[in-house]
Structures are given as structure tokens and as C-alpha cells.
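Inspection log for the structure reproduced underneath, given as C-alpha cells.
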Amino acid sequence: MSWSDELILEDGDALTPTWKRTTTLYLVFYFVVSMAVFWPSPPWDPSRLPSGFFSQYAFGDPPQMTWYLDWFPYAIRHGLDIFHTNLIDYPTGVNLASNTSVPLLGLIASPITLTLGPVAAFNILLRLAFFSSASSMFLVLRNWSRQPAAFIGGILYGFGPYMVTEGQSHLNLVFVPIPPLIIWCFYELLVVRRRSPIRMGLLLGALAGAQALIAPELLTMLAIVIAVGFVGVAVANRDHLRATFDDVLRAAPSSVGVFLVMTGYWIWSLLLGTGHVVGTVLQLGNLQQYRADLLGLIVPTDQLFAPMKLQVVSLGYVGGNFTENLAYLSLPLVALVAVFAIVRRRNRLVLVSALLALVAFVLSLGSSLSVDNHLTGIPLPEAVFAHLPLSDNFIPARFGFVAQLFAVIAFTIGLDQFLWWLRRPHAATVRRQVIEVSGVTGVALALLLLIPQLPFKTTAAPWPPDTISVLKAIPPGSVVLTYPFTLPEYTEAMSWQAALDMRFRLIGGYATVQGGRDYGQQYQDLLHPSFVQEFLTRAQGTSSWVPFYPAPDLSLNPTTQLCTFVTKYHVGAVIYWKAGKSPKRALHFFTEALGSATKTTHDGTVKLWLLDSKTCG
């Protein structure tokens, strides 16, 4: 048994002009598809964002991410702490290390953000995520398979079910070119051992540091699964354990050193910085509800050739949150990975990758098994991590990323060996013909059932086109109160803030802050007097099963409450947008206390009040 038997390019044409041209063509294909993912919206579009489930222009995660992308260059230009600000959730502010603030992507996109704006930067990064992820996996897989199979592996990784789901909302989770490189580093360090352990440690530390500054949760999940694999391989290869352990010890100092240099300040801010969240980022029950369903592995989500009834069924999985339904691989692909692992079990890379995909999938099921949306009460291994510091912040379903990563590796190498076997001359026996037909059919079905529904939808900003020009009248540095009040469901004010290069400070925001004693919440605590937040959020309504704030005390005088609030928090401007459940109530609330708006858009749906000490009441 070996790690790499038969993984030799039989044509011997590596690095020839033909080989290089083929590589270039494959990369060009990835690029073209990535650019067309949101067609006809161009990659540099400054006015449109994805509009899939839970992600519309004015609501949810994409606007939040555009805010983060604008924040990084703004903070650097103004000499501010990149991991804490009170530009949102004024006056207390937020710890951005406790949030998905993607500082590395903010750095990469800074030239685009400063020239084309944060929305264009988000859109370009989103396309780059698909291209770089597919290309990275392809280039890594070429070390273990021939180019055609590696090309298919790049497609499955870069445009597979995980990417299709996360690519419509979560930039931090879809930008994943680094994990395949991390796996390659471990393979080179522990198996091939032809490069200096110190150099490999430096590279591994740099890659891990970069991933931590994009999506630390995915890095930690990958590390856990790799650790399981390392222990398993070490036990199975006790004869080589000493040599492997020596290489790890030689690589560790350089790896840890580079990692800490890159992430040290972020780690300090996360654990000890101003406003850091103590405990879990949400209540543990809220995190654990996002667990994969056992049937999620074979029930399609957003694929082109999927029956609508099955897609509707999958919408009910993972707590009804489509953006966390990440388990789907299709029955044919799961079967093929299992077959390849058994048939090619002498090739440990296939076997170990398949087993680690299984480990990751089991962890994605959470602390208790769910089958067809029914909790069985059967305890599962992830329950251990749900009660350990830091790992208790996991959303279990996201282990599905690691499962798909290793499944693609196992499938690609197995596919390469199957194609190689097909080309070898054999006697035309019935057994061979059955294997050929069933194998080719299985591969075709697996690929067919994973084709996504492209292109994804985008939408333009729902507010009037002259909104930003109206809001430019706000004096720089002003504190602003808005309706709708800024919450995870209404992030339009964060979009305005980013479009105006952080011109004002915002009461409210979509960010994780301390909630209870040992958990966080994604909305600002009630300020006092609390009537204003309670009234505005009740007027705008919510789709959440639990209201963000209590109902307002209607026995209080609304004008008095608003004026007290405005005075206490030095509010310099109020913005109203005709949106939400009861916008008329909110408009009456403002006009009674503030009078007529200072400026409005042409259609009157966005109004701006500029306040001074004599305005209110």
C-alpha cells in the first residue's frame, strides 16, 4: 500500500508546450464561467448585489460585507483601530475581530474600493472567489491526477453545491482558494517529504494566517479534520511515526511564528480587545440548530436538474436557513467516492480523503442526528466541540465545506484512475463491459446532478437613485438615527454609510456584540430611553420568530421620548425611508417631533432631517 501508486503521468508530457496550453485553457474556462456567474451584471457593477435567499440588496449579509470592505481602507487612512469602531452601534461600538470583517479581503480590495466603491469591490471579489477556488483546486489536483480529471475536480470544488449556496450571500465563506493549498502543504510535509520542513512550515503558517483573516471558522474546522486524519495515519503507520514526528517538530516553530505575526493582533482583539464577545457569538441553541440533515447529502438544493419537490424539501433542512444547507453531494457522487475508496484502497490518498470526507460530514450533522428534519435524539461527536471554548461558536453545517473538499479530492483521483483503466487494453469480458457502462453512467449522473442553476440573480438598490446625493448634506461625523432601524434584516443604512465613505456614525447596526453574560447577539442593545428603538422596530416589523426588542410603552409621549433620545446621543441627522411594515407610523413619529424634512428625494420616499439643539419638539 502506498500514497501515490499509479499517480504517474504516463504520457510524460508535463511542462511541455501542449501541457502548458491545456493548463491555460482550463484556467481561462474557470475565469469565463466565474465572470458569467451573475450575468448580465458585470463584475465591476457598483449598483447591484446578489439577491438569493436571505440576501437582498438592502437586507442581510451582502450589504454588511460591503461595509466591512469599505471600513478597512477607511480605518487605515484615518489611523484607526481596524478591529474596533463606533461608526455602527453608536455610542458603544463593536469589536470587528468578533465579526466576519475579512481584513485580508479588505486589504486586497482596497484599490477597487477606493476607486469604484465597496459594492463593486464586493462583486469583483465574489467572482474572484469562484475563479481562484476552482483554479487552486485544479493546480493542487494536478499533483495527484492527470489534467482532465483535475479540471473536473476544479469545477466540482469551485462551482459545486457549497459554492453555489454560499456564493449568493457569504463572501467570507465562498473565498476558499487557500484550503486546497493547506492540504497540499501537509501532503508534502508528511508524505512526500522532499522539501525543507522549515520552508513548508513557513508556507503553511502564511496560508493558515491568511485563511484566519478571511474565515477563521473554516480554518479551525479544516484543522480539526486534518488532525483526525493525522492521528489515524500515524496509528496505521507506526513504523514511520518517528520520522514524520521529527519533520512536524522542525516545521512547527516557523509555521506558528508566521501565523502569529499575521494574526497576533487579531487574536488579541478577539480575546481581549475592546468590546470583545465573551462566550459564543450567538446562544448555543441558535448555533446548533444549523446542523446538516442526514438526507441533505442526497437531497438537492439549487441544482439545474433537480425536481422542485426535492428542492422544497431541502429548504426545510438546517433550521430552514438555505444559506447553511451545505451537505449536498448527490447520490451518484457519494456512491462513486465510496467505490473509489474501496477499489483504490491501496492508494491511501483516495482512502484517507474519503474517510476524512465522512468524518467531516458526521461533524456537520451537529450534536444530535436529524433525519428528514426529525431530531432522533441520537448523540453525535460534534457535541464535544459544542462545549469547548471557541469551537462552541461553530455552525455545525459548515463542516459540509470540509466534507466536500475531501470528497472532491477522493473523487478526482478515483476518476483519474478509472479513466486510465478504461484506456488500458483488456479482453472484452462481460464483467469489464458492466464496469465500464456502470462507471461511465455513474460519473455522468454525478456531474449532471451537480450542475447549478446559473446565472444567479442580482438586484439594484431599492431606494431612489438620488438618495446618496440627498444624504451628502449630512455634516461629516454626525450621529444618525434611521428608519428602518438598522438590524440584520434592514442594513440599508450601512450601505449608505459605506457609499458615503463612513460620513456619519450610525445608531444601530448588523454586527455581533455582547448579549447575555456568556453569548452574543447580532443587534445593538437597547439604549435609554428605549422607546425609540422599540417603536421604530415595531413599525418596520420583523420576519424573526423572536422580536429584537420589546413592544414600546404607548402610554409614554412619543415626541418627548424622541427628543430626549436625540439630545442624549447628540443625533445630528434623522433618515427616513419608506419601507417596512408600517412606514406611515414612523413618518408621523418623526414629523410630530421634528417638523418637515430638510431634504427629500424626488419621489419623497427618502427624507432627511438635519438637527440642531432647537429642532426637536
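Naming scheme: A, B, ... for chains in displayed order of the C-alpha cells; residues 1 onward per chain; ligands 1 onward as shown.
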
List as a tab-separated table every residue of segment 50-141 of chain A that is in contact with segment 251-267 of chain A, defined as an atom at most 12 Å from one of its atoms (using only C-alpha atoms), together with the nearest atom pair and the distance in Å rounded to one decimal, sorted by chain and then rising number.
```
residue	atom	partner	partner_atom	distance
A:Asp81	CA	A:Tyr265	CA	10.4
A:Ile82	CA	A:Trp266	CA	9.2
A:Phe83	CA	A:Trp266	CA	7.4
A:His84	CA	A:Trp266	CA	10.7
A:Asn95	CA	A:Trp266	CA	10.4
A:Leu96	CA	A:Trp266	CA	9.2
A:Ala97	CA	A:Trp266	CA	6.1
A:Ser98	CA	A:Trp266	CA	9.3
A:Asn99	CA	A:Trp266	CA	11.0
A:Thr100	CA	A:Trp266	CA	11.8
A:Ser101	CA	A:Trp266	CA	10.7
A:Val102	CA	A:Trp266	CA	10.9
A:Pro103	CA	A:Trp266	CA	9.4
A:Leu104	CA	A:Met262	CA	10.1
```

Could you turn the residues from that selection into a file that holds C-alpha atoms, as a PDB file, in the first residue's frame?
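Saved the output as part_24.pdb:
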```pdb
ATOM      1  CA  ASP A  81      -8.062  50.568  15.130  1.00  0.00           C
ATOM      2  CA  ILE A  82      -9.112  48.142  12.385  1.00  0.00           C
ATOM      3  CA  PHE A  83     -10.815  45.850  14.910  1.00  0.00           C
ATOM      4  CA  HIS A  84     -12.980  48.307  16.828  1.00  0.00           C
ATOM      5  CA  ASN A  95     -15.412  44.566  18.125  1.00  0.00           C
ATOM      6  CA  LEU A  96     -14.800  43.652  14.487  1.00  0.00           C
ATOM      7  CA  ALA A  97     -12.498  40.752  15.377  1.00  0.00           C
ATOM      8  CA  SER A  98     -15.619  39.088  16.797  1.00  0.00           C
ATOM      9  CA  ASN A  99     -17.299  39.567  13.422  1.00  0.00           C
ATOM     10  CA  THR A 100     -16.757  38.417   9.848  1.00  0.00           C
ATOM     11  CA  SER A 101     -14.827  41.568   8.973  1.00  0.00           C
ATOM     12  CA  VAL A 102     -12.476  39.844   6.420  1.00  0.00           C
ATOM     13  CA  PRO A 103      -9.477  42.168   6.939  1.00  0.00           C
ATOM     14  CA  LEU A 104      -7.373  40.352   4.327  1.00  0.00           C
TER      15      LEU A 104
END
```

Would you list the contacts of segment 416-421 of chain A as a PyMOL selection string, taking every protein, DNA or RNA residue within 7 Å and counting only C-alpha atoms, but skipping same-chain residues closer than 4 positions in sequence? chain A and resi 145-146+149+412

Would you put the residues from that selection into a file with C-alpha atoms, as a compact mmCIF listing (two decimals), in the first residue's frame?
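Done, and the output landed in again04.txt:
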```txt
# COMPACT_ATOMS: atom_id res chain seq x y z
CA SER A 145 -4.05 13.12 -11.16
CA ARG A 146 -3.89 13.87 -14.85
CA ALA A 149 -9.62 14.72 -14.07
CA THR A 412 -10.96 13.25 -8.71
```

Write out as a PyMOL selection string which residues come within 12 Å of Phe535 of chain A when counting only C-alpha atoms, dropping same-chain ones fewer than 2 positions away. chain A and resi 483-485+526+529-533+537-541+547-554+556-559+561-562+582-583+585-590

Go ahead and save the residues from that selection, with N, CA and C atoms, as an mmCIF file, in the first residue's frame.
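In the end it all went to again.cif:
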```cif
data_model
loop_
_atom_site.group_PDB
_atom_site.id
_atom_site.type_symbol
_atom_site.label_atom_id
_atom_site.label_comp_id
_atom_site.auth_asym_id
_atom_site.auth_seq_id
_atom_site.Cartn_x
_atom_site.Cartn_y
_atom_site.Cartn_z
ATOM 1 N N TYR A 483 -34.878 55.229 10.129
ATOM 2 C CA TYR A 483 -35.980 54.281 9.971
ATOM 3 C C TYR A 483 -35.918 53.765 8.540
ATOM 4 N N PRO A 484 -35.926 52.441 8.333
ATOM 5 C CA PRO A 484 -35.920 51.393 9.339
ATOM 6 C C PRO A 484 -34.657 51.433 10.203
ATOM 7 N N PHE A 485 -34.845 51.048 11.464
ATOM 8 C CA PHE A 485 -33.713 50.971 12.382
ATOM 9 C C PHE A 485 -32.805 49.835 11.926
ATOM 10 N N LEU A 526 -30.483 47.753 23.764
ATOM 11 C CA LEU A 526 -31.378 48.897 23.935
ATOM 12 C C LEU A 526 -30.649 50.052 24.614
ATOM 13 N N PRO A 529 -33.529 56.590 26.569
ATOM 14 C CA PRO A 529 -34.788 55.843 26.691
ATOM 15 C C PRO A 529 -34.957 54.813 25.564
ATOM 16 N N SER A 530 -35.510 53.673 25.918
ATOM 17 C CA SER A 530 -35.618 52.552 24.979
ATOM 18 C C SER A 530 -36.789 52.699 24.008
ATOM 19 N N PHE A 531 -37.677 53.641 24.249
ATOM 20 C CA PHE A 531 -38.895 53.782 23.454
ATOM 21 C C PHE A 531 -38.593 53.930 21.960
ATOM 22 N N VAL A 532 -37.544 54.683 21.616
ATOM 23 C CA VAL A 532 -37.267 54.979 20.203
ATOM 24 C C VAL A 532 -36.962 53.702 19.431
ATOM 25 N N GLN A 533 -36.035 52.898 19.930
ATOM 26 C CA GLN A 533 -35.712 51.643 19.244
ATOM 27 C C GLN A 533 -36.917 50.705 19.215
ATOM 28 N N THR A 537 -38.580 49.676 15.539
ATOM 29 C CA THR A 537 -38.503 48.270 15.117
ATOM 30 C C THR A 537 -39.880 47.626 15.072
ATOM 31 N N ARG A 538 -40.789 48.070 15.926
ATOM 32 C CA ARG A 538 -42.155 47.539 15.852
ATOM 33 C C ARG A 538 -42.842 48.055 14.583
ATOM 34 N N ALA A 539 -42.561 49.294 14.193
ATOM 35 C CA ALA A 539 -43.157 49.847 12.973
ATOM 36 C C ALA A 539 -42.630 49.146 11.721
ATOM 37 N N GLN A 540 -41.361 48.830 11.698
ATOM 38 C CA GLN A 540 -40.803 48.200 10.491
ATOM 39 C C GLN A 540 -41.130 46.722 10.406
ATOM 40 N N GLY A 541 -41.442 46.081 11.554
ATOM 41 C CA GLY A 541 -41.787 44.667 11.538
ATOM 42 C C GLY A 541 -40.549 43.794 11.425
ATOM 43 N N PRO A 547 -39.039 38.841 18.395
ATOM 44 C CA PRO A 547 -38.778 40.261 18.149
ATOM 45 C C PRO A 547 -37.429 40.674 18.726
ATOM 46 N N PHE A 548 -36.760 41.589 18.048
ATOM 47 C CA PHE A 548 -35.459 42.038 18.529
ATOM 48 C C PHE A 548 -35.597 42.815 19.841
ATOM 49 N N TYR A 549 -36.647 43.628 19.929
ATOM 50 C CA TYR A 549 -36.849 44.454 21.116
ATOM 51 C C TYR A 549 -38.283 44.286 21.616
ATOM 52 N N PRO A 550 -38.543 44.614 22.884
ATOM 53 C CA PRO A 550 -39.920 44.553 23.403
ATOM 54 C C PRO A 550 -40.813 45.586 22.720
ATOM 55 N N ALA A 551 -42.109 45.446 22.925
ATOM 56 C CA ALA A 551 -43.060 46.436 22.407
ATOM 57 C C ALA A 551 -42.908 47.740 23.191
ATOM 58 N N PRO A 552 -43.117 48.888 22.536
ATOM 59 C CA PRO A 552 -42.979 50.167 23.236
ATOM 60 C C PRO A 552 -44.131 50.397 24.209
ATOM 61 N N ASP A 553 -43.858 51.181 25.228
ATOM 62 C CA ASP A 553 -44.887 51.581 26.187
ATOM 63 C C ASP A 553 -45.657 52.762 25.583
ATOM 64 N N LEU A 554 -46.861 52.501 25.073
ATOM 65 C CA LEU A 554 -47.622 53.520 24.353
ATOM 66 C C LEU A 554 -48.230 54.571 25.270
ATOM 67 N N LEU A 556 -46.388 56.422 27.029
ATOM 68 C CA LEU A 556 -45.396 57.490 27.032
ATOM 69 C C LEU A 556 -45.642 58.439 25.867
ATOM 70 N N ASN A 557 -45.185 59.678 26.007
ATOM 71 C CA ASN A 557 -45.314 60.674 24.948
ATOM 72 C C ASN A 557 -44.222 60.454 23.905
ATOM 73 N N PRO A 558 -44.579 60.085 22.656
ATOM 74 C CA PRO A 558 -43.559 59.777 21.642
ATOM 75 C C PRO A 558 -42.607 60.939 21.371
ATOM 76 N N THR A 559 -43.146 62.156 21.283
ATOM 77 C CA THR A 559 -42.296 63.305 20.978
ATOM 78 C C THR A 559 -41.270 63.539 22.081
ATOM 79 N N GLN A 561 -40.098 61.339 24.153
ATOM 80 C CA GLN A 561 -39.124 60.241 24.126
ATOM 81 C C GLN A 561 -38.094 60.445 23.018
ATOM 82 N N LEU A 562 -38.550 60.847 21.833
ATOM 83 C CA LEU A 562 -37.626 61.048 20.719
ATOM 84 C C LEU A 562 -36.688 62.214 21.001
ATOM 85 N N SER A 582 -44.979 49.308 8.621
ATOM 86 C CA SER A 582 -45.834 50.481 8.873
ATOM 87 C C SER A 582 -45.027 51.773 8.764
ATOM 88 N N PRO A 583 -44.587 52.131 7.555
ATOM 89 C CA PRO A 583 -43.764 53.338 7.413
ATOM 90 C C PRO A 583 -44.509 54.619 7.783
ATOM 91 N N ARG A 585 -46.486 55.133 10.285
ATOM 92 C CA ARG A 585 -46.341 55.357 11.731
ATOM 93 C C ARG A 585 -44.997 55.995 12.035
ATOM 94 N N ALA A 586 -43.954 55.495 11.383
ATOM 95 C CA ALA A 586 -42.619 56.039 11.619
ATOM 96 C C ALA A 586 -42.521 57.482 11.123
ATOM 97 N N LEU A 587 -43.118 57.764 9.956
ATOM 98 C CA LEU A 587 -43.071 59.121 9.417
ATOM 99 C C LEU A 587 -43.804 60.089 10.339
ATOM 100 N N HIS A 588 -44.958 59.688 10.841
ATOM 101 C CA HIS A 588 -45.708 60.531 11.778
ATOM 102 C C HIS A 588 -44.896 60.761 13.050
ATOM 103 N N PHE A 589 -44.229 59.721 13.518
ATOM 104 C CA PHE A 589 -43.386 59.796 14.713
ATOM 105 C C PHE A 589 -42.315 60.877 14.542
ATOM 106 N N PHE A 590 -41.692 60.924 13.384
ATOM 107 C CA PHE A 590 -40.633 61.901 13.144
ATOM 108 C C PHE A 590 -41.187 63.303 12.915
#
```

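When only C-alpha atoms are used to compute distances to Val339 of chain A, the closest of the residues A:Ala410, A:His426, A:Phe186, A:Met35 turns out to be A:Ala410.
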
Env of segment 226-242 of chain A: 8 Å cut, atoms = only C-alpha atoms, seq-sep filter 4 positions within chain, self excluded. Answer as an NGL selection string. :A and (222 or 246 or 352 or 356)

Just write the chosen residues, N, CA and C atoms, as an mmCIF file, in the first residue's frame.
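Writing the result to selection13.cif gives the following:
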```cif
data_model
loop_
_atom_site.group_PDB
_atom_site.id
_atom_site.type_symbol
_atom_site.label_atom_id
_atom_site.label_comp_id
_atom_site.auth_asym_id
_atom_site.auth_seq_id
_atom_site.Cartn_x
_atom_site.Cartn_y
_atom_site.Cartn_z
ATOM 1 N N LEU A 222 -11.238 22.789 9.302
ATOM 2 C CA LEU A 222 -10.294 22.031 8.483
ATOM 3 C C LEU A 222 -9.180 21.460 9.350
ATOM 4 N N ASP A 246 9.366 14.024 13.650
ATOM 5 C CA ASP A 246 10.534 14.905 13.607
ATOM 6 C C ASP A 246 10.327 16.040 12.605
ATOM 7 N N VAL A 352 -7.856 7.883 2.469
ATOM 8 C CA VAL A 352 -7.868 8.840 3.582
ATOM 9 C C VAL A 352 -8.775 10.025 3.272
ATOM 10 N N LEU A 356 -11.906 11.088 5.534
ATOM 11 C CA LEU A 356 -11.990 12.421 6.144
ATOM 12 C C LEU A 356 -13.239 13.161 5.679
#
```

Within 6 Å of Gly153 of chain A, counting only C-alpha atoms, which residues qualify if same-chain residues fewer than 2 places away don't, as an MDAnalysis selection string? chainID A and resid 150:151 155:156 408 412

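Taking only segment 25-252 of chain A, the residues that DSSP calls strand (DSSP E) from the backbone come to Arg48, Leu49, Pro50, Ser55, Gln56, Phe59, Gly60, His84, Thr85, Val94 and Asn95 of chain A.
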
Pick out the residues sitting within 12 Å of Val384 of chain A, and hand them over as a list in words; count only C-alpha atoms, and ignore anything fewer than 6 positions along from it in its own chain. Leu363, Gly366, Ser367, Ser368, Leu390, Ser391, Asp392, Phe394 and Pro396 of chain A

If you run DSSP on the backbone here, which positions in segment 149-300 of chain A get helix (DSSP H, G or I)? Please write them as a count of residues only. 116

Please provide as a PyMOL selection string all residues within 8 Å of segment 189-191 of chain A, with the sequence filter that same-chain residues fewer than 6 positions apart are discarded (counting only C-alpha atoms). chain A and resi 3+197+200+244+247-248

Save the residues we just selected, N, CA and C atoms, as a JSON list (two decimals), in the first residue's frame?
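What landed in again35.json:
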```
[["chain", "number", "residue", "atom", "x", "y", "z"],
["A", 3, "TRP", "N", 0.93, 5.86, -0.88],
["A", 3, "TRP", "CA", 0.15, 7.08, -1.05],
["A", 3, "TRP", "C", -0.01, 7.44, -2.52],
["A", 197, "PRO", "N", 11.37, 20.99, 5.76],
["A", 197, "PRO", "CA", 10.26, 21.18, 6.71],
["A", 197, "PRO", "C", 10.12, 22.63, 7.16],
["A", 200, "MET", "N", 8.39, 24.51, 4.39],
["A", 200, "MET", "CA", 6.98, 24.11, 4.35],
["A", 200, "MET", "C", 6.23, 24.69, 5.54],
["A", 244, "THR", "N", 8.17, 11.12, 10.75],
["A", 244, "THR", "CA", 7.12, 12.10, 10.49],
["A", 244, "THR", "C", 7.03, 13.11, 11.61],
["A", 247, "ASP", "N", 9.76, 15.72, 11.45],
["A", 247, "ASP", "CA", 9.51, 16.75, 10.44],
["A", 247, "ASP", "C", 8.48, 17.77, 10.93],
["A", 248, "VAL", "N", 7.47, 17.28, 11.63],
["A", 248, "VAL", "CA", 6.45, 18.18, 12.18],
["A", 248, "VAL", "C", 7.09, 19.12, 13.20]]
```
